[in-house]
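The structure under discussion appears below in the form of structure tokens.
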Amino acid sequence: MLIIDGKKVSLDLKEELKASVDRYRAQTGKVPGLTVIIVGQDPASQVYVRNKAKTCKEIGMVSTVIEMAADTSEEHLLKTIKGLNNDPAVHGILVQQPLPKQIDEFAVTLAIDPSKDVDGFHPENLGRLVMGHLDKCFVSCTPYGILELLGRYNIETRGKHCVVVGRSNIVGKPMANLMLQKLKETNCTVTICHSATPNIAEYTQQADILIAAIGKAGFITADMVKPGAVVIDVGINRIEDASTKSGYRLVGDVDYAGVSAVASAMTPVPGGVGPMTIAMLLKNTLQSFQRTNGL
Ligand code: GUN
């Protein structure tokens with residue numbers, strides 16, 4: 001079985017992005033800038049934001065983190081976003097989710113200039129993706145990272161049956177729509193399953209490419225997978241493990257031990273899809289910089 005090594009691909013990609021940033025700096029005197037807003041003290045969000053900022057700096061981009069108190073008003077957040085929309089040094093704006101309940105997440109998504117929406121959450125970007133205008137949009141980072149992995153591993157997708165389990169706006173919906181497009185890495189027949197699908201196994205067993213984005217540890221077991229399928233595991237679930245220093249470990253939505261005996265290729269957790277997400281965020285930020293500067 002082929003292990004699809006997202007860790008390695010993300011390192012290659014970051015090197016490529018760094019080389020581009022260096023080249024543009026020499027050529028234009030400018031570098032891409034990413035501003036991340038975090039509201040409140042959610043520990044998981046703090047880790048994500050720290051990693052985004054660190055990776056941004058590693059590849060030579062300007063990283064700005066704006067920390068706001070948990071009781072920040074929606075009005076103040078929207079005003080800050082408006083300021084960033086008008087700041088030519090800011091090429092990417094990301095507001096870390098989840099947000100405190102006094103703030104409407106959708107209002108925040110709508111407030112971000114679609115040309116700086118490096119998360120790809122704005123309806124204009126999602127709409128362009130659905131309509132196949134990928135050259136002018138930002139694709140949500142996790143689905144985009146999966147596309148990059150399929151491409152770099154030359155996974156054949158034309159005419160294949162791709163089953164996506166999960167229908168979130170961040171992963172499931174953009175992922176299914178991407179796989180439906182007529183691109184080198186896509187061109188599939190697509191089925192979407194979700195929590196109200198009876199007998200999910202009936203569908204997953206037909207998948208040539210199975211993408212699991214459910215959020216339940218070990219949900220996909222070997223009996224649910226067609227022999228020879230390519231299995232992409234989007235899940236990041238913490239489970240208790242007394243043998244580790246932290247007392248927990250990370251596992252995916254796929255039962256790795258069982259499914260790896262059936263699949264032809266598979267992404268591990270950790271080290272599969274996860275590391276690709278930040279890399280694609282930086283790729284989107286570079287893309288925004290290139291579009292703004294006509295590069
Ligand atoms: N929270 C968890 N993942 C993400 C993401 O990709 N973008 C944003 N903005 N918030 C998140």
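Chain lettering (A, B, ...) mirrors the order of the structure tokens, residue numbering begins at 1 for each chain separately, and ligand numbering begins at 1 in order of display.
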(Q) Neighbours of ligand 1 at 10 Å or closer, counting only C-alpha atoms and all ligand atoms: which residues, as a PyMOL selection string? (A) chain A and resi 36-38+44-45+48-49+93-99+105+109+117-121+140-142+170-171+277-278+281
Give me, as a PDB file with N, CA and C atoms, in the first residue's frame, all polymer residues having an atom no more than 12 Å from Lys7 of chain A, counting only C-alpha atoms and skipping those fewer than 5 positions away in the same chain.
ATOM      1  N   ASP A  12       7.926  20.130   0.559  1.00  0.00           N
ATOM      2  CA  ASP A  12       8.319  20.463  -0.824  1.00  0.00           C
ATOM      3  C   ASP A  12       7.619  21.751  -1.263  1.00  0.00           C
ATOM      4  N   LEU A  13       6.323  21.788  -0.973  1.00  0.00           N
ATOM      5  CA  LEU A  13       5.508  22.930  -1.383  1.00  0.00           C
ATOM      6  C   LEU A  13       5.989  24.210  -0.705  1.00  0.00           C
ATOM      7  N   LYS A  14       6.310  24.126   0.587  1.00  0.00           N
ATOM      8  CA  LYS A  14       6.769  25.315   1.309  1.00  0.00           C
ATOM      9  C   LYS A  14       8.094  25.821   0.732  1.00  0.00           C
ATOM     10  N   GLY A 145      -5.706  21.179  -0.634  1.00  0.00           N
ATOM     11  CA  GLY A 145      -4.546  20.353  -0.264  1.00  0.00           C
ATOM     12  C   GLY A 145      -4.716  18.908  -0.723  1.00  0.00           C
ATOM     13  N   LEU A 149      -2.406  16.724  -3.316  1.00  0.00           N
ATOM     14  CA  LEU A 149      -1.868  15.383  -3.033  1.00  0.00           C
ATOM     15  C   LEU A 149      -2.223  14.411  -4.154  1.00  0.00           C
ATOM     16  N   THR A 267      -3.856   8.251   3.115  1.00  0.00           N
ATOM     17  CA  THR A 267      -3.156   9.305   3.873  1.00  0.00           C
ATOM     18  C   THR A 267      -3.151   8.927   5.356  1.00  0.00           C
ATOM     19  N   PRO A 268      -2.011   9.053   6.029  1.00  0.00           N
ATOM     20  CA  PRO A 268      -1.975   8.767   7.467  1.00  0.00           C
ATOM     21  C   PRO A 268      -2.475   9.963   8.281  1.00  0.00           C
ATOM     22  N   VAL A 269      -2.750   9.746   9.558  1.00  0.00           N
ATOM     23  CA  VAL A 269      -3.035  10.834  10.521  1.00  0.00           C
ATOM     24  C   VAL A 269      -2.194  10.556  11.763  1.00  0.00           C
ATOM     25  N   PRO A 270      -1.323  11.462  12.184  1.00  0.00           N
ATOM     26  CA  PRO A 270      -0.994  12.730  11.522  1.00  0.00           C
ATOM     27  C   PRO A 270      -0.071  12.517  10.316  1.00  0.00           C
ATOM     28  N   GLY A 271       0.178  13.582   9.578  1.00  0.00           N
ATOM     29  CA  GLY A 271       1.153  13.530   8.486  1.00  0.00           C
ATOM     30  C   GLY A 271       0.543  13.314   7.108  1.00  0.00           C
ATOM     31  N   GLY A 272      -0.788  13.429   7.020  1.00  0.00           N
ATOM     32  CA  GLY A 272      -1.449  13.266   5.719  1.00  0.00           C
ATOM     33  C   GLY A 272      -2.004  14.598   5.238  1.00  0.00           C
ATOM     34  N   VAL A 273      -3.309  14.750   5.394  1.00  0.00           N
ATOM     35  CA  VAL A 273      -3.990  15.955   4.921  1.00  0.00           C
ATOM     36  C   VAL A 273      -3.625  17.184   5.770  1.00  0.00           C
ATOM     37  N   GLY A 274      -3.492  16.985   7.094  1.00  0.00           N
ATOM     38  CA  GLY A 274      -3.270  18.099   8.024  1.00  0.00           C
ATOM     39  C   GLY A 274      -2.185  19.076   7.596  1.00  0.00           C
ATOM     40  N   PRO A 275      -0.946  18.590   7.364  1.00  0.00           N
ATOM     41  CA  PRO A 275       0.127  19.526   7.014  1.00  0.00           C
ATOM     42  C   PRO A 275      -0.107  20.271   5.707  1.00  0.00           C
ATOM     43  N   MET A 276      -0.964  19.727   4.852  1.00  0.00           N
ATOM     44  CA  MET A 276      -1.232  20.369   3.561  1.00  0.00           C
ATOM     45  C   MET A 276      -2.084  21.628   3.717  1.00  0.00           C
ATOM     46  N   THR A 277      -2.913  21.667   4.775  1.00  0.00           N
ATOM     47  CA  THR A 277      -3.868  22.775   4.914  1.00  0.00           C
ATOM     48  C   THR A 277      -3.156  24.128   5.046  1.00  0.00           C
ATOM     49  N   ILE A 278      -2.143  24.184   5.921  1.00  0.00           N
ATOM     50  CA  ILE A 278      -1.422  25.459   6.098  1.00  0.00           C
ATOM     51  C   ILE A 278      -0.648  25.801   4.824  1.00  0.00           C
ATOM     52  N   ALA A 279      -0.051  24.783   4.210  1.00  0.00           N
ATOM     53  CA  ALA A 279       0.715  25.028   2.982  1.00  0.00           C
ATOM     54  C   ALA A 279      -0.182  25.657   1.909  1.00  0.00           C
TER      55      ALA A 279
END
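Distances from A:Tyr144, A:Ala196, A:Thr191, A:Asn154 to Pro174 of chain A were compared using only C-alpha atoms, and the smallest one belongs to A:Tyr144.
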For Pro114 of chain A, the closest of A:Asn85, A:Asp42, A:Pro227, A:Asp135 counting only C-alpha atoms is A:Asn85
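The coordinates place atom CA of Ile214 of chain A at 21.1 Å from atom CA of Thr186 of chain A.
Nearest residue to Thr35 of chain A, choosing from A:Leu17, A:Ile59, A:Leu84, A:Ala217 and counting only C-alpha atoms: A:Leu84.
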Using only C-alpha atoms, the residue out of A:Ile192, A:Leu150, A:Val62, A:Met68 with shortest distance to Asn177 of chain A is A:Ile192
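A straight line drawn from atom CA of Lys216 of chain A to atom CA of Gly252 of chain A is 7.7 Å long.
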Exercise for the section: Do a neighbour search on Ala229 of chain A at 8 Å with only C-alpha atoms, toss out local chain neighbours closer than 4 positions, and write the hits as a PyMOL selection string. Expected result: chain A and resi 207-210+225+262-265
Closest of A:Arg238, A:His161, A:Lys182, A:Arg152 to Asp5 of chain A, counting only C-alpha atoms, is A:Arg152
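Proximity to Gly218 of chain A was assessed for A:Leu147, A:Val234, A:Val251, A:Val139 counting only C-alpha atoms; the smallest distance is recorded for A:Val251.
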Note to self: With DSSP run on the backbone, what are the strand (DSSP E or B) residues within segment 67-237 of chain A? I'd like them as a ChimeraX atom specification.
What the structure shows: /A:67-68,92-95,161-165,189-193,209-212,220,230-233,237
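Taking atom CA of Ile103 of chain A as the reference point, atom CA of Val47 of chain A is found at 21.3 Å.
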- When DSSP works through the backbone of this structure, what residues of segment 57-190 of chain A end up as helix (DSSP H, G or I), shown as a VMD selection string? chain A and resid 57 to 58 74 to 85 105 to 111 114 to 116 123 to 130 134 to 136 141 to 152 172 to 180
